[in-house]
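K.L.:
Sharing a structure with you now.
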Amino acid sequence: MDPLSSPSINHTPRMPILMVFGFLFISMVVGSLLGSLLNLLLSQIWGISLGAMQHINADTPFRERQFFRSVSLLSHLATFTLPGLATAYLFYKNQWWSSLRLKFPPTAFFITAGIVWLLVSFPFAQLSYWVNQALPLPNWATSLEGQAEDMIAGLLTMNGIGELVFTLIVMAVAPAIGEELIFRGILQQELQKRMKSPHAAIWLSAVIFSAFHLQFEGFIPRLILGALLGYLFYWSRNLWIPIIVHLFYNGLQIVAYYLYKTEMEALNVQDEMPNLLIGLVSLVLLIGGGWYLSQYTKTQDEIRDERIA
């Protein structure tokens, strides 16, 4: 049985996919423009030029760092979270909460299993990142990558718990909610309704998820993350699971950078190939963990069907 077609979960009728995706895309563009207008207003209030964000780095003063974090938060809410909610409400009507798989609380099993599965994937993801960096990129992609790295370095400069908490909200909580609404809650589900293979829907959503970030040196590991989150959603039937795991993934890196900044920066400049054996063991464990979770879901379906019968 297809986990996302379980009779125990309310389903909405299929809407024309071009209509759903078209509205989602337009609402994201409109939301991005709205976010830009709000950020212009914020710029006037703070007295800081938005153009200065292109030059943010680790030496940017505290007040400007907080301003740019606020700008990033507003932009993300306007571009991802609000369009995702608007699309769900328009097309799923009064069933939007359950259609997004947010109606039921997440189980402790899937939260724990998802986090462990994510941690197991780290060595393989690191190996894939090394492979990704070895691939030639066009000049425009390299330029975007450099700008993104400088901006991230500026946003990750944290002096005190207050900055850490705000950074977690901006770079962990908001992306986990907004991106999972869009890429798993809407995109993956709508694709899966129309594709024979749920795996195709998961991987296609993961490709779009990775490409949307416009950081091509990390395209492959982010693709793997997107697929991992997609499978967790597919097996758990609960969007809270990928939201929590996504939040944990981003939050863990932010906290680690805050506590071990020097060590993390040293790791970032290393060009040596990661340990191949550890990477392959990680891949084997990742596949084994995925097989276990798929069998667990299948067993739970059979138990539920027996109770209904």
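Letters A, B, ... mark the chains of the structure tokens in the order given; residue numbers begin at 1 per chain; ligand numbers begin at 1, in order shown.
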Contacts of Gly290 (chain A) at 10 Å or less, counting only C-alpha atoms, minus same-chain residues fewer than 5 places along, as a VMD selection string?
P.N.:
chain A and resid 113 to 114 117 228 231 to 232 235 284 to 285 295 to 296
K.L.:
I want to know what sits within 12 Å of Met53 (chain A), based on only C-alpha atoms, with residues of the same chain fewer than 5 positions away left out; could you give that as a short mmCIF file (atom, residue, chain, number, x, y, z; two decimals) with C-alpha atoms, in the first residue's frame?
P.N.:
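What ended up in around38.cif:
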```
data_model
loop_
_atom_site.label_atom_id
_atom_site.label_comp_id
_atom_site.auth_asym_id
_atom_site.auth_seq_id
_atom_site.Cartn_x
_atom_site.Cartn_y
_atom_site.Cartn_z
CA ASN A 39 12.69 44.85 3.76
CA SER A 43 15.95 49.34 5.82
CA ILE A 48 21.01 50.44 6.83
CA THR A 60 30.28 42.86 9.76
CA PRO A 61 29.22 44.76 12.95
CA GLU A 64 24.17 45.05 10.71
CA ARG A 65 24.28 41.29 11.30
CA GLN A 66 20.98 41.49 13.20
CA PHE A 67 19.47 43.62 10.45
CA PHE A 68 20.46 41.15 7.76
CA ARG A 69 19.11 38.27 9.84
CA SER A 70 15.80 40.13 10.07
CA VAL A 71 15.86 40.69 6.31
CA SER A 72 16.53 36.97 5.71
CA GLN A 147 28.63 35.42 -2.51
CA ALA A 148 26.59 32.80 -0.66
CA ASP A 150 30.40 35.24 2.46
CA MET A 151 26.79 35.86 3.45
CA ILE A 152 26.55 32.64 5.43
CA ALA A 153 29.83 33.45 7.19
CA GLY A 154 28.38 36.80 8.21
CA LEU A 155 25.10 35.34 9.44
#
```
K.L.:
Pick from A:Val170, A:Leu24, A:Ile17, A:Leu156: nearest to Tyr89 (chain A), with only C-alpha atoms counted?
P.N.:
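That would be A:Leu24, the residue with the smallest distance to Tyr89 (chain A).
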K.L.:
Rounded to one decimal, what separation in Å do you get between CA of Arg304 (chain A) and CA of Asn238 (chain A)?
P.N.:
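Result for CA of Arg304 (chain A) versus CA of Asn238 (chain A): 16.5 Å, one decimal.
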K.L.:
Excluding region 92-109 of chain A and residues on its chain fewer than 6 positions from it, collect all residues at most 6 Å away from it, counting only C-alpha atoms, and give them as a list in words.
P.N.:
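Here the answer would be Gly185, Asn238, Leu239 and Trp240 of chain A.
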K.L.:
Determine which residues of region 115-182 of chain A DSSP labels as alpha helix (DSSP H) from the backbone of this structure, then write them out as a PyMOL selection string.
P.N.:
chain A and resi 115-134+139-155+161-168+174-180
K.L.:
Using 9 Å as the limit and counting only C-alpha atoms, can you tabulate each residue of region 82-187 of chain A that touches region 278-283 of chain A, with its shortest atom-to-atom distance in Å and the two atoms involved, as JSON lines?
P.N.:
```
{"residue": "A:Val120", "atom": "CA", "partner": "A:Ser282", "partner_atom": "CA", "distance": 5.9}
{"residue": "A:Ser121", "atom": "CA", "partner": "A:Ser282", "partner_atom": "CA", "distance": 5.8}
{"residue": "A:Phe122", "atom": "CA", "partner": "A:Ser282", "partner_atom": "CA", "distance": 7.5}
{"residue": "A:Pro123", "atom": "CA", "partner": "A:Gly279", "partner_atom": "CA", "distance": 4.9}
{"residue": "A:Phe124", "atom": "CA", "partner": "A:Gly279", "partner_atom": "CA", "distance": 4.3}
{"residue": "A:Ala125", "atom": "CA", "partner": "A:Gly279", "partner_atom": "CA", "distance": 7.9}
{"residue": "A:Gln126", "atom": "CA", "partner": "A:Gly279", "partner_atom": "CA", "distance": 7.7}
{"residue": "A:Leu127", "atom": "CA", "partner": "A:Gly279", "partner_atom": "CA", "distance": 6.0}
{"residue": "A:Ser128", "atom": "CA", "partner": "A:Gly279", "partner_atom": "CA", "distance": 8.7}
```
K.L.:
Ranking A:Leu118, A:Leu73, A:Leu42, A:Thr157 by minimum distance to Gly289 (chain A) and counting only C-alpha atoms, which one comes first?
P.N.:
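Checking each candidate against Gly289 (chain A), we get A:Leu118 as the closest.
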